[in-house]
Structure formats: C-alpha cells, structure tokens
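Source file upload.txt; content: compact mmCIF, C-alpha atoms.
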# COMPACT_ATOMS: atom_id res chain seq x y z
CA MET A 235 52.95 13.09 -24.59
CA LYS A 236 51.00 9.82 -24.62
CA PHE A 237 50.21 10.31 -20.96
CA ALA A 238 48.89 13.83 -21.62
CA ILE A 239 46.67 12.52 -24.45
CA ALA A 240 45.35 9.75 -22.18
CA VAL A 241 44.55 12.26 -19.45
CA LEU A 242 42.78 14.57 -21.90
CA LEU A 243 40.75 11.66 -23.28
CA LEU A 244 39.78 10.57 -19.79
CA MET A 245 38.72 14.09 -18.90
CA GLY A 246 36.66 14.26 -22.06
CA MET A 247 34.93 10.98 -21.33
CA THR A 248 34.21 12.06 -17.78
CA ALA A 249 32.76 15.35 -18.97
CA VAL A 250 30.41 13.59 -21.38
CA ARG A 251 29.25 10.96 -18.89
CA ALA A 252 29.20 13.09 -15.71
CA GLU A 253 26.35 11.73 -13.66
CA LEU A 254 23.84 13.77 -11.72
CA ALA A 255 24.52 13.23 -8.01
CA VAL A 256 21.27 12.54 -6.16
CA ALA A 257 20.91 11.72 -2.46
CA SER A 258 17.67 10.34 -1.06
CA LEU A 259 16.24 10.48 2.45
CA ASN A 260 13.49 8.09 1.41
CA THR A 261 13.97 4.57 0.04
CA VAL A 262 10.89 4.80 -2.21
CA LEU A 263 12.20 7.99 -3.80
CA ALA A 264 15.61 6.37 -4.28
CA ASP A 265 13.88 3.68 -6.36
CA VAL A 266 12.00 6.29 -8.39
CA ALA A 267 15.26 8.16 -8.96
CA ARG A 268 16.94 5.01 -10.28
CA ASN A 269 14.00 4.30 -12.58
CA VAL A 270 13.78 7.83 -13.97
CA GLY A 271 17.50 8.61 -13.92
CA GLY A 272 18.87 5.34 -15.22
CA ASP A 273 22.63 5.47 -15.77
CA ARG A 274 22.64 9.28 -15.90
CA VAL A 275 22.28 9.65 -12.12
CA THR A 276 24.08 8.22 -9.12
CA VAL A 277 21.70 7.69 -6.23
CA THR A 278 22.97 7.68 -2.66
CA GLU A 279 20.52 6.22 -0.16
CA VAL A 280 21.09 8.04 3.10
CA VAL A 281 18.19 6.18 4.76
CA LYS A 282 18.65 2.56 3.81
CA PRO A 283 16.10 -0.27 3.61
CA GLY A 284 15.54 -1.94 6.95
CA VAL A 285 16.40 1.23 8.89
CA ASP A 286 13.51 2.66 10.88
CA PRO A 287 13.03 6.13 9.38
CA HIS A 288 11.31 7.30 12.59
CA ASP A 289 14.54 6.87 14.49
CA PHE A 290 16.83 8.18 11.76
CA GLN A 291 18.84 11.32 12.32
CA PRO A 292 21.56 12.25 9.81
CA SER A 293 25.08 11.81 11.13
CA PRO A 294 27.97 14.17 10.33
CA GLY A 295 29.06 11.66 7.70
CA ASP A 296 25.56 11.71 6.17
CA ILE A 297 25.56 15.51 6.12
CA LYS A 298 28.93 15.50 4.37
CA ALA A 299 27.60 13.06 1.73
CA LEU A 300 24.43 15.11 1.33
CA SER A 301 26.43 18.30 0.87
CA ARG A 302 28.06 16.78 -2.20
CA ALA A 303 24.74 15.94 -3.87
CA ARG A 304 23.21 18.12 -6.56
CA LEU A 305 19.67 17.08 -5.54
CA ILE A 306 18.38 15.84 -2.16
CA LEU A 307 15.09 13.92 -2.30
CA ALA A 308 12.69 13.93 0.64
CA GLY A 309 9.19 12.58 1.17
CA GLY A 310 8.00 15.67 3.05
CA LEU A 311 4.66 16.21 4.82
CA GLY A 312 6.60 16.15 8.06
CA PHE A 313 8.09 12.69 7.64
CA GLU A 314 11.65 13.96 7.94
CA GLY A 315 11.42 16.04 11.09
CA TYR A 316 15.05 17.10 10.73
CA LEU A 317 14.61 18.65 7.27
CA ASP A 318 14.90 22.30 8.30
CA LYS A 319 18.09 21.65 10.28
CA LEU A 320 19.45 19.66 7.37
CA ARG A 321 18.84 22.51 4.93
CA ALA A 322 20.92 24.77 7.16
CA ALA A 323 23.65 22.18 7.56
CA VAL A 324 24.26 21.22 3.91
CA GLY A 325 24.65 24.71 2.51
CA HIS A 326 23.32 26.16 -0.71
CA THR A 327 24.66 23.71 -3.29
CA PRO A 328 22.11 20.90 -3.08
CA THR A 329 18.56 21.56 -4.19
CA PHE A 330 15.92 19.93 -2.01
CA VAL A 331 13.18 18.11 -3.92
CA VAL A 332 10.38 17.58 -1.40
CA VAL A 333 7.77 15.47 -3.17
CA GLY A 334 5.15 15.82 -0.43
CA GLU A 335 4.79 19.50 -1.32
CA LYS A 336 3.17 18.41 -4.61
CA ILE A 337 0.84 15.82 -3.07
CA THR A 338 -2.68 16.49 -1.84
CA PRO A 339 -2.40 14.94 1.62
CA LEU A 340 -4.82 12.89 3.63
CA MET A 341 -5.48 14.80 6.85
CA VAL A 342 -5.86 12.66 9.96
CA ALA A 343 -6.61 13.36 13.60
CA GLU A 344 -3.45 13.87 15.64
CA GLY A 345 -2.73 10.73 17.63
CA ALA A 346 -4.29 8.56 14.93
CA HIS A 347 -0.92 8.52 13.30
CA GLY A 348 0.97 6.78 16.07
CA HIS A 349 4.35 8.28 15.19
CA GLU A 350 6.96 9.96 17.24
CA GLY A 351 9.75 12.09 15.94
CA HIS A 352 7.82 13.70 13.11
CA ASP A 353 7.02 17.34 12.71
CA HIS A 354 3.69 16.91 10.99
CA SER A 355 2.23 19.35 8.55
CA ARG A 356 -0.80 20.64 10.37
CA GLY A 357 -4.10 21.93 9.01
CA ALA A 358 -6.18 24.79 10.36
CA ASP A 359 -8.43 22.32 12.21
CA GLY A 360 -5.45 20.76 13.99
CA ARG A 361 -5.49 17.65 11.85
CA VAL A 362 -2.12 16.51 10.55
CA ALA A 363 -1.01 15.31 7.14
CA ASP A 364 -0.40 11.60 6.76
CA PRO A 365 3.12 11.48 5.29
CA HIS A 366 2.92 7.91 3.86
CA TRP A 367 1.74 9.16 0.44
CA TRP A 368 3.61 6.45 -1.52
CA HIS A 369 0.97 3.84 -0.71
CA SER A 370 -1.21 5.44 -3.37
CA ILE A 371 0.03 4.67 -6.89
CA ALA A 372 -1.61 7.90 -8.08
CA ASN A 373 0.72 9.79 -5.72
CA MET A 374 3.68 7.77 -7.00
CA LYS A 375 2.91 9.00 -10.50
CA VAL A 376 3.08 12.56 -9.17
CA ALA A 377 6.47 11.69 -7.63
CA VAL A 378 7.74 10.40 -10.97
CA ARG A 379 6.80 13.66 -12.68
CA VAL A 380 8.34 15.73 -9.88
CA LEU A 381 11.64 13.87 -10.12
CA ARG A 382 11.61 13.94 -13.91
CA ASP A 383 11.18 17.71 -13.84
CA ALA A 384 13.91 18.11 -11.21
CA PHE A 385 16.35 16.00 -13.24
CA ARG A 386 15.51 17.93 -16.41
CA GLU A 387 16.18 21.22 -14.69
CA ALA A 388 19.44 20.04 -13.11
CA ASP A 389 20.68 18.21 -16.20
CA PRO A 390 19.01 19.69 -19.30
CA ALA A 391 21.41 17.90 -21.67
CA ASN A 392 19.71 14.59 -20.79
CA LYS A 393 16.13 15.90 -20.86
CA ALA A 394 14.97 13.50 -23.57
CA TYR A 395 16.49 10.56 -21.70
CA TYR A 396 14.70 11.41 -18.48
CA ASP A 397 11.42 11.99 -20.36
CA ALA A 398 11.59 8.56 -21.99
CA ARG A 399 12.43 6.76 -18.76
CA ALA A 400 9.72 8.57 -16.82
CA LYS A 401 7.16 7.67 -19.48
CA ALA A 402 8.16 4.01 -19.30
CA TYR A 403 8.00 3.97 -15.52
CA LEU A 404 4.58 5.65 -15.51
CA ALA A 405 3.32 2.89 -17.81
CA GLN A 406 4.77 0.33 -15.39
CA LEU A 407 2.91 1.99 -12.52
CA ASP A 408 -0.34 1.91 -14.52
CA ASN A 409 0.05 -1.84 -14.96
CA LEU A 410 0.81 -2.22 -11.26
CA SER A 411 -2.27 -0.19 -10.36
CA LYS A 412 -4.47 -2.43 -12.47
CA TRP A 413 -2.94 -5.53 -10.91
CA VAL A 414 -3.59 -4.19 -7.39
CA LYS A 415 -7.23 -3.41 -8.24
CA ILE A 416 -7.76 -6.92 -9.59
CA GLN A 417 -6.18 -8.57 -6.53
CA VAL A 418 -8.13 -6.44 -4.05
CA ALA A 419 -11.38 -7.17 -5.92
CA ARG A 420 -11.04 -10.76 -4.65
CA LEU A 421 -11.90 -9.47 -1.18
CA PRO A 422 -15.55 -8.74 -0.30
CA ARG A 423 -15.88 -5.22 1.00
CA ASP A 424 -16.71 -6.33 4.53
CA ARG A 425 -13.35 -8.12 4.78
CA ARG A 426 -11.30 -5.09 3.82
CA ILE A 427 -10.10 -4.32 7.32
CA LEU A 428 -6.43 -3.76 8.13
CA VAL A 429 -5.26 -4.06 11.72
CA THR A 430 -1.68 -2.80 11.72
CA SER A 431 0.95 -1.53 14.10
CA HIS A 432 0.54 2.09 13.12
CA ASP A 433 -1.58 4.15 10.79
CA ALA A 434 0.61 4.13 7.68
CA LEU A 435 -1.75 2.66 5.06
CA GLY A 436 -4.34 5.43 4.92
CA TYR A 437 -3.73 6.24 1.26
CA PHE A 438 -3.92 2.58 0.28
CA ALA A 439 -7.11 2.20 2.32
CA ARG A 440 -8.65 5.25 0.65
CA ASP A 441 -7.83 4.01 -2.86
CA HIS A 442 -9.10 0.47 -2.31
CA GLY A 443 -11.99 0.69 0.13
CA PHE A 444 -10.25 -0.57 3.28
CA GLN A 445 -10.73 0.46 6.89
CA VAL A 446 -7.57 0.71 8.97
CA TYR A 447 -7.49 -0.07 12.69
CA PRO A 448 -4.00 0.89 13.87
CA VAL A 449 -2.56 0.20 17.29
CA GLU A 450 -1.88 3.83 18.03
CA GLY A 451 1.17 5.40 19.53
CA ILE A 452 3.21 2.26 19.72
CA SER A 453 6.96 2.51 19.87
CA GLY A 454 9.65 1.24 22.16
CA ALA A 455 8.93 4.12 24.50
CA GLU A 456 5.19 4.56 24.17
CA GLN A 457 2.37 2.07 24.61
CA PRO A 458 -1.27 2.60 23.68
CA SER A 459 -3.67 3.23 26.50
CA SER A 460 -5.48 0.20 27.90
CA LYS A 461 -8.70 1.90 26.79
CA ARG A 462 -7.44 2.02 23.22
CA VAL A 463 -6.42 -1.65 23.32
CA ARG A 464 -9.80 -2.71 24.75
CA GLU A 465 -11.62 -0.72 22.06
CA LEU A 466 -9.46 -2.27 19.34
CA ILE A 467 -10.11 -5.79 20.64
CA ARG A 468 -13.84 -5.07 20.70
CA GLN A 469 -13.81 -3.81 17.10
CA ILE A 470 -11.78 -6.79 15.87
CA ARG A 471 -14.16 -9.25 17.51
CA GLU A 472 -17.27 -7.41 16.34
CA LYS A 473 -16.12 -7.31 12.72
CA LYS A 474 -14.72 -10.85 12.85
CA VAL A 475 -11.37 -9.70 11.49
CA LYS A 476 -9.40 -12.75 10.38
CA ALA A 477 -5.87 -11.46 10.49
CA ILE A 478 -3.68 -8.69 11.85
CA PHE A 479 -0.47 -7.47 10.27
CA ALA A 480 2.97 -6.77 11.65
CA GLU A 481 5.37 -4.33 10.04
CA SER A 482 8.87 -4.95 8.84
CA VAL A 483 10.72 -2.51 11.08
CA GLU A 484 9.04 -2.29 14.45
CA ASN A 485 6.19 -4.07 16.14
CA PRO A 486 4.60 -3.44 19.49
CA LYS A 487 4.42 -6.21 22.06
CA VAL A 488 0.72 -5.52 22.48
CA LEU A 489 0.10 -6.69 18.89
CA GLY A 490 0.73 -10.25 20.02
CA GLU A 491 -1.63 -9.77 22.96
CA ILE A 492 -4.34 -8.45 20.66
CA ALA A 493 -3.94 -11.49 18.42
CA ARG A 494 -4.27 -13.83 21.40
CA GLU A 495 -7.30 -12.00 22.80
CA THR A 496 -9.20 -11.89 19.52
CA GLY A 497 -8.13 -15.14 17.87
CA ALA A 498 -7.09 -13.20 14.76
CA VAL A 499 -4.12 -14.89 13.15
CA PRO A 500 -0.87 -13.15 12.21
CA GLY A 501 -1.45 -12.22 8.57
CA GLY A 502 2.17 -11.55 7.68
CA THR A 503 4.60 -8.65 7.55
CA LEU A 504 3.96 -5.46 5.60
CA TYR A 505 6.43 -2.84 4.42
CA VAL A 506 4.91 0.50 5.29
CA ASP A 507 7.61 3.07 6.06
CA GLY A 508 9.75 2.35 3.02
CA LEU A 509 11.18 -0.45 0.95
CA GLY A 510 12.47 -3.73 2.24
CA THR A 511 15.22 -5.93 0.91
CA GLY A 512 15.25 -8.66 -1.70
CA ALA A 513 12.04 -8.80 -3.72
CA ALA A 514 10.62 -5.94 -1.65
CA GLY A 515 13.63 -3.78 -2.47
CA THR A 516 11.79 -1.96 -5.25
CA TYR A 517 8.52 -0.04 -5.07
CA GLU A 518 6.77 -2.52 -7.32
CA GLY A 519 8.13 -5.43 -5.30
CA MET A 520 7.02 -3.82 -2.07
CA MET A 521 3.48 -3.18 -3.33
CA ARG A 522 3.11 -6.68 -4.75
CA HIS A 523 4.34 -8.19 -1.49
CA ASN A 524 1.97 -6.08 0.63
CA VAL A 525 -1.08 -6.70 -1.57
CA GLU A 526 -0.46 -10.44 -1.87
CA THR A 527 0.03 -10.68 1.90
CA ILE A 528 -3.15 -8.74 2.66
CA VAL A 529 -5.38 -10.54 0.15
CA LYS A 530 -4.11 -14.01 1.10
CA ALA A 531 -4.68 -13.36 4.80
CA LEU A 532 -8.14 -11.82 4.51
CA GLU A 533 -9.86 -13.77 1.72
CA MET B 263 -4.56 -24.53 70.72
CA ARG B 264 -3.35 -24.51 67.16
CA GLY B 265 -5.65 -25.21 64.25
CA SER B 266 -5.47 -28.52 62.46
CA PRO B 267 -2.62 -28.52 59.86
CA LEU B 268 -4.86 -30.49 57.52
CA LEU B 269 -7.60 -27.90 57.80
CA GLN B 270 -5.12 -25.11 57.22
CA THR B 271 -3.79 -26.89 54.13
CA LEU B 272 -7.30 -27.41 52.75
CA LEU B 273 -8.15 -23.77 53.39
CA LEU B 274 -4.98 -22.62 51.65
CA ALA B 275 -5.71 -24.87 48.67
CA ALA B 276 -9.22 -23.44 48.41
CA VAL B 277 -7.91 -19.86 48.47
CA LEU B 278 -5.32 -20.67 45.81
CA ALA B 279 -7.96 -22.34 43.63
CA LEU B 280 -10.21 -19.30 43.91
CA ALA B 281 -7.29 -17.02 42.95
CA ALA B 282 -6.33 -19.29 40.03
CA LEU B 283 -9.77 -19.20 38.43
CA PRO B 284 -9.56 -15.62 37.03
CA VAL B 285 -5.95 -16.22 35.95
CA TRP B 286 -7.04 -19.32 34.01
CA LYS B 287 -9.88 -17.37 32.36
CA LEU B 288 -7.45 -14.67 31.26
CA THR B 289 -4.78 -16.95 29.91
CA ARG B 290 -6.76 -19.72 28.19
CA PRO B 291 -6.25 -19.73 24.42
CA ARG B 292 -9.12 -18.35 22.37
CA PRO B 293 -10.47 -20.20 19.36
CA PRO B 294 -9.50 -18.71 15.97
CA VAL B 295 -11.95 -16.20 14.58
CA GLU B 296 -14.23 -17.51 11.88
CA ALA B 297 -14.40 -14.86 9.22
CA ALA B 298 -17.71 -13.30 8.40
CA PRO B 299 -19.28 -14.97 5.33
CA PRO B 300 -18.42 -13.18 2.08
CA SER B 301 -20.81 -10.51 1.02
CA SER B 302 -21.05 -11.78 -2.55
CA ALA B 303 -24.17 -13.73 -1.64
CA PRO B 304 -26.96 -12.83 -4.07
CA GLU B 305 -29.40 -11.87 -1.32
CA SER B 306 -28.30 -8.25 -1.88
CA SER B 307 -28.67 -8.32 -5.69
CA VAL B 308 -30.99 -5.92 -7.38
CA GLY B 309 -32.88 -7.15 -10.39
CA PRO B 310 -31.56 -8.27 -13.78
CA VAL B 311 -28.68 -6.40 -15.40
CA GLU B 312 -27.77 -6.80 -19.04
CA LEU B 313 -24.16 -7.53 -19.94
CA THR B 314 -22.99 -6.86 -23.49
CA VAL B 315 -19.46 -7.72 -24.60
CA THR B 316 -18.13 -6.74 -28.00
CA SER B 317 -14.64 -7.56 -29.18
CA THR B 318 -12.51 -6.86 -32.23
CA ALA B 319 -11.72 -10.58 -32.43
CA ASP B 320 -13.17 -13.81 -31.09
CA ALA B 321 -12.48 -14.19 -27.39
CA ASP B 322 -13.26 -16.13 -24.24
CA VAL B 323 -14.71 -13.92 -21.52
CA GLU B 324 -15.15 -14.33 -17.76
CA LEU B 325 -16.71 -12.24 -15.00
CA THR B 326 -15.87 -12.89 -11.34
CA HIS B 327 -16.89 -11.31 -8.08
CA SER B 328 -14.96 -11.85 -4.83
CA GLY B 329 -13.17 -14.75 -6.46
CA THR B 330 -16.41 -16.46 -7.60
CA THR B 331 -17.22 -16.81 -11.32
CA LEU B 332 -20.48 -15.05 -12.11
CA TRP B 333 -20.46 -15.79 -15.82
CA ARG B 334 -18.18 -17.41 -18.38
CA SER B 335 -18.63 -17.45 -22.12
CA GLY B 336 -19.02 -20.73 -24.01
CA ALA B 337 -17.48 -20.83 -27.46
CA PRO B 338 -15.25 -17.88 -28.36
CA SER B 339 -17.06 -15.08 -30.09
CA GLY B 340 -16.82 -11.37 -30.82
CA HIS B 341 -20.19 -10.59 -29.28
CA PHE B 342 -21.98 -11.76 -26.14
CA GLU B 343 -25.18 -10.75 -24.46
CA THR B 344 -26.49 -12.14 -21.21
CA THR B 345 -28.51 -11.16 -18.18
CA LEU B 346 -26.93 -11.27 -14.74
CA SER B 347 -28.03 -10.84 -11.19
CA LEU B 348 -25.39 -8.65 -9.55
CA PRO B 349 -24.71 -7.84 -5.90
CA THR B 350 -25.12 -4.17 -5.08
CA ASP B 351 -21.96 -2.10 -4.93
CA ALA B 352 -20.05 -4.83 -6.73
CA GLU B 353 -16.50 -4.89 -8.00
CA LEU B 354 -16.39 -7.24 -10.96
CA VAL B 355 -13.17 -8.59 -12.41
CA VAL B 356 -13.60 -8.86 -16.17
CA ARG B 357 -11.15 -11.01 -18.10
CA VAL B 358 -10.87 -11.53 -21.84
CA GLN B 359 -8.62 -13.95 -23.72
CA TRP B 360 -8.38 -13.46 -27.48
CA THR B 361 -7.96 -16.41 -29.79
CA HIS B 362 -6.04 -14.48 -32.47
CA SER B 363 -2.69 -12.75 -32.29
CA GLY B 364 -2.40 -8.99 -32.59
CA THR B 365 -3.69 -6.08 -30.53
CA HIS B 366 -7.39 -6.27 -29.72
CA ALA B 367 -10.03 -4.47 -27.72
CA ALA B 368 -13.10 -5.65 -25.90
CA ARG B 369 -15.86 -3.50 -24.47
CA PHE B 370 -17.88 -4.60 -21.44
CA ARG B 371 -21.15 -2.77 -20.98
CA LEU B 372 -23.63 -3.16 -18.11
CA SER B 373 -27.08 -1.70 -18.56
CA ARG B 374 -30.46 -1.90 -16.97
CA ASP B 375 -33.77 -1.38 -18.81
CA GLY B 376 -31.78 0.09 -21.67
CA GLY B 377 -29.97 2.61 -19.51
CA LEU B 378 -26.17 2.43 -19.18
CA LEU B 379 -24.86 1.59 -15.72
CA THR B 380 -21.15 1.36 -16.48
CA GLU B 381 -18.75 0.21 -19.15
CA THR B 382 -15.06 -0.32 -19.75
CA THR B 383 -12.81 -1.15 -22.69
CA LEU B 384 -9.89 -3.53 -22.36
CA TRP B 385 -6.93 -3.49 -24.72
CA GLY B 386 -4.33 -6.20 -25.05
CA GLU B 387 -2.54 -8.74 -27.20
CA GLN B 388 -3.41 -12.13 -25.74
CA GLU B 389 -5.45 -11.39 -22.65
CA ALA B 390 -6.50 -8.47 -20.52
CA SER B 391 -8.22 -7.98 -17.19
CA ASP B 392 -9.68 -5.07 -15.29
CA VAL B 393 -12.10 -4.21 -12.54
CA LEU B 394 -15.55 -2.92 -13.36
CA ALA B 395 -16.99 -1.11 -10.36
CA VAL B 396 -20.75 -1.08 -10.17
CA SER B 397 -22.14 1.60 -7.87
CA PRO B 398 -25.22 0.81 -5.80
CA ILE B 399 -27.88 0.14 -8.40
CA PRO B 400 -31.08 2.17 -7.91
CA ASP B 401 -34.21 0.08 -7.56
CA ALA B 402 -36.34 -0.33 -10.66
CA PRO B 403 -39.35 2.05 -10.68
In structure tokens, how does this file's structure come out?
Amino acid sequence: MKFAIAVLLLMGMTAVRAELAVASLNTVLADVARNVGGDRVTVTEVVKPGVDPHDFQPSPGDIKALSRARLILAGGLGFEGYLDKLRAAVGHTPTFVVVGEKITPLMVAEGAHGHEGHDHSRGADGRVADPHWWHSIANMKVAVRVLRDAFREADPANKAYYDARAKAYLAQLDNLSKWVKIQVARLPRDRRILVTSHDALGYFARDHGFQVYPVEGISGAEQPSSKRVRELIRQIREKKVKAIFAESVENPKVLGEIARETGAVPGGTLYVDGLGTGAAGTYEGMMRHNVETIVKALE
Amino acid sequence: MRGSPLLQTLLLAAVLALAALPVWKLTRPRPPVEAAPPSSAPESSVGPVELTVTSTADADVELTHSGTTLWRSGAPSGHFETTLSLPTDAELVVRVQWTHSGTHAARFRLSRDGGLLTETTLWGEQEASDVLAVSPIPDAP
C-alpha cells in the first residue's frame, strides 16, 4: 500500500515537473534555450562546443536522441546542410525550429564565404546567405523571441515563465549590445579591419563598421588560390593592418604565411562558428571574448 | 686536361650564392607593421559644435573619442554647456557618473548654429555610458 502511494506521488511529481525536451544543432541556440527555458526545459547539445560544425554529420546515435526531442533547434540559412535528410530521419514527433527562417540574411558572393559542406540559401542573383547570423545581437534578439514562442506553443502551461525569462534575457542582450558599441568606439574607423580565416563575421562587421578580409576557401582539403593570397597580402600591407585573427576550430596554414609576409601580428583566437568552452561557453562570454580580443589587437 | 679543382669549387660556390640570394630575400623576417595613425586627429574636424548636458542630479561627465578624452566636466553639476571641435563621422563615448543615489537620467545634445545634430539620453543609478554617433557634419553655409 505504502509502495503504491509512493509510486503515485512520484508519478504526480513527474507530471507536474515534466520538462520540455529540446535538442540543439547549434551551440548558440542551446545557450538561448537554457536562458529562455530555465529549469522547464532539458537541452541536449547534439553539436558540442569545440566541434567543427562544418564537419559535423549526425550519427545514428544522434538521430535517435533527436527523435526523442519535442523541439529541434537549428541555425538555418544553409548552415546545417544535412537538415532535410534529418527531417526525414527523425520522424514526425519533433518540431524543427529553424531560427534562420526568421532572420533577414546578409547576402554574399559565393566563394566569399569560404565554407564547404553547406547547402547555402541562394538568392535570385546567385548570391548566398551568410549563415553566421548570431554575430549580430539584433539577430540574437529575434532568436530569443522565436524560441520563446516555440516553447510557449509546445508547453503552454509554462507560458508566463518563458515570457519572464525571455524578457530578462533580452534586457541582458541590450546591455551587452551597449557594451560592445562602447568597446568598438575605442577603435578609429580606419583600424576596423578584420583579417580572419573565413568570412564568418559579416553581421558583426555590418553592425560595427568593420571591413572583413577573409582567407577564402580554406579547409584541410582546399587552399586559397595564390592570386587570392597575393591580393590579401597587398591589401593588408596597403591598409597597414596590425593584426590577423585565428579561429578556435580550424586555421589554415597559409594564415601563418600571411602574417610573416605582412608583419601583422597574431591578434588572438576568435570564436566564430559557435561557442567555445570555459568563459566563452555562453553567448555573452563568446561575444565579450571576441570583442576584447579584436579591440586589444587593433587599437 | 681536367679543369682546376679550385676553379671548379669557386664556380660552384658562386652558383650556389646566386641561387641563395632569392631564397634569402623570400625567407628574411619582415619588420612588424606600424599601424596607421588614428583618425581622431582634429585635422578632419568641422567647425564648432555645441554640447549641452542636462541631468536630473549633479554628475561628472566625460566625452571620449577613439580612447582620447575630448572633454571632461569640472565640478559636478546638473547642467553643462561647452563648445567642441569634433572629427567628422565621429563615434563619441559619453559617460556620466551621478553623485547621488537613485535612478537618474542625463541628456547629451550636440547642435550647430542652433540646429540639432544628435542627442541621446542615458539612464542609470550610479553611472551610465553610451555611444553617440555623429554623422558627417555638413559644412557651415
């Protein structure tokens, strides 16, 4: 009898505190989900910090875990090239929340992006959408609202909870945005030049008046043309760029050569394709790290 | 008759030295790049601009541009007026520090010949900062 009562109580508690199961294909969205969802969601990071998302393909184990989720979060704009296959594989239970569908994308010339393995969203003029939308805090605020709405729809009993947490996180992003503006204002406009491994900071550059000079098409399998490297070296010398930046996941060998040829110093490591670990393991931490690294190297 | 071994050696050394010259040019370390001077130099400023700061409580106020202080208030006050020479297309960091507790506001207003160029209001409890972007200022008629 006591055992039956205990079981009934446990079932009751579980029913009240059942958490919304969310799986994320994007480390930034996993952080947003934790901020908006609090203790009412469980977030499974399928793509983990430190993993190169360009090389990621979901394994059978990942697909199994994704099938159990109520919501699957994706960045979209072609970043997850496997998304269509994944939709077919996980069945009808999970709802896909593709944040990029709600973002007005930056369109770039194909080849400027330097990625492999993405199925880019393409415009009528052949230009492709830059999928790294999270480097604009304005886009992050859109993401917060998208996730809030998705959580509300999937778990209406906790609507007020998600609303309150989203509001608090939006205020946090406003403070972060102001901080970024103040830090960047330390740099004269003619020093706002980012030489990076690949073209992932377009939204940040647009918001803060930077020019980006990426080493295009660099991966383990693909090197930029010698013409591209010569042109990049010429531009760096002409504009007297002080520093060039490596990325946390993958860096081309030619980046070191470019540094040696131009005299530009290594400015530090930036997190561009997702979150890092430690202090850079949250969106705010990642942005603060990147901005501090950039401003310190270029001022 | 064979050539002189010494002559052959000297010839070989000369060829090697000639071949080494372009390799040395390619591999010598380059001096670090000296950054271009900051563009906050006043040579691109356009005429006098009036700054007016009004605050709900006495405050210390500072304006910086590219890390350099353009203007700083003296004694704390709720109202300041001064004339500045600003670089064109400037991003100014405005900072206010209130001397009293509580929530306060401070308005920063830039004008020229009586016409408003830009303004912003900062809210905060002890201090607040923001960026005031000044678009390229049209030349005075």
Could you tell me which of A:Asp364, A:Asp424, A:Glu465, A:Glu335 comes closest to chain B if we count all atoms listed in the file?
->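 The answer is A:Asp424, which sits nearest to chain B.
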Provide as a ChimeraX atom specification the residues of chain A at most 6 Å from chain B, counting all atoms listed in the file.
-> /A:416,419-422,474,476,497-498
Selection near Ile470 of chain A, 10 Å with all atoms listed in the file, sequence-local residues under 6 positions removed, as a PyMOL selection string = (chain A and resi 427-429+447+464+476-478+492-493+495-498) or (chain B and resi 295)
Which neighbours of Glu389 of chain B fall inside 8 Å, counting all atoms listed in the file, when residues of the same chain fewer than 3 positions from it are skipped, and could you give them as an MDAnalysis selection string?
-> chainID B and resid 357:360 386
Do a neighbour search on Ala321 of chain B at 10 Å with only C-alpha atoms, toss out local chain neighbours closer than 6 positions, and write the hits as a PyMOL selection string.
-> chain B and resi 315+335-342+357-362+366+368+388-389
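Rounded to one decimal, atom CA of Leu379 of chain B and atom CA of Asp441 of chain A lie 21.5 Å from each other.
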Quick one: pull the distance between atom CA of Pro287 of chain A and atom CA of Gly512 of chain A, Å, one decimal.
-> 18.6 Å
Excluding Glu312 of chain B and residues on its chain fewer than 5 positions from it, collect all residues at most 9 Å away from it, counting only C-alpha atoms, and give them as a VMD selection string.
-> chain B and resid 343 to 347 371 to 376
Do a neighbour search on Ile528 of chain A at 10 Å with all atoms listed in the file, toss out local chain neighbours closer than 3 positions, and write the hits as an mmCIF file with C-alpha atoms, in the frame of the given file.
data_model
loop_
_atom_site.group_PDB
_atom_site.id
_atom_site.type_symbol
_atom_site.label_atom_id
_atom_site.label_comp_id
_atom_site.auth_asym_id
_atom_site.auth_seq_id
_atom_site.Cartn_x
_atom_site.Cartn_y
_atom_site.Cartn_z
ATOM 1 C CA GLN A 417 -6.180 -8.570 -6.530
ATOM 2 C CA VAL A 418 -8.130 -6.440 -4.050
ATOM 3 C CA LEU A 421 -11.900 -9.470 -1.180
ATOM 4 C CA ARG A 426 -11.300 -5.090 3.820
ATOM 5 C CA ILE A 427 -10.100 -4.320 7.320
ATOM 6 C CA LEU A 428 -6.430 -3.760 8.130
ATOM 7 C CA ALA A 477 -5.870 -11.460 10.490
ATOM 8 C CA ILE A 478 -3.680 -8.690 11.850
ATOM 9 C CA PHE A 479 -0.470 -7.470 10.270
ATOM 10 C CA GLY A 501 -1.450 -12.220 8.570
ATOM 11 C CA GLY A 502 2.170 -11.550 7.680
ATOM 12 C CA THR A 503 4.600 -8.650 7.550
ATOM 13 C CA LEU A 504 3.960 -5.460 5.600
ATOM 14 C CA ARG A 522 3.110 -6.680 -4.750
ATOM 15 C CA HIS A 523 4.340 -8.190 -1.490
ATOM 16 C CA ASN A 524 1.970 -6.080 0.630
ATOM 17 C CA VAL A 525 -1.080 -6.700 -1.570
ATOM 18 C CA ALA A 531 -4.680 -13.360 4.800
ATOM 19 C CA LEU A 532 -8.140 -11.820 4.510
ATOM 20 C CA GLU A 533 -9.860 -13.770 1.720
#
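Here atom CA of Ala514 of chain A and atom CA of Glu491 of chain A stand 27.8 Å from one another.
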Using only C-alpha atoms, which of the listed residues (A:Ser293, A:Gln406, A:Ser258, A:Ser411) sits closest to Val280 of chain A?
-> A:Ser258
Compare A:Arg423, A:Ala363, A:Asp397, A:Gln445 by their minimum atom-to-atom distance to Thr350 of chain B, counting all atoms listed in the file, and give me the closest one.
->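 Going through A:Arg423, A:Ala363, A:Asp397, A:Gln445 one by one, the smallest distance to Thr350 of chain B is for A:Arg423.
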Place a sphere of radius 9 Å on (19.1, 15.0, 4.5) in the file coordinates and name every protein, DNA or RNA residue with an atom inside or on its surface, counting only C-alpha atoms; give the answer as a ChimeraX atom specification.
-> /A:257-259,280-281,291-292,296-297,300-301,306-308,314,316-317,319-321,324,330
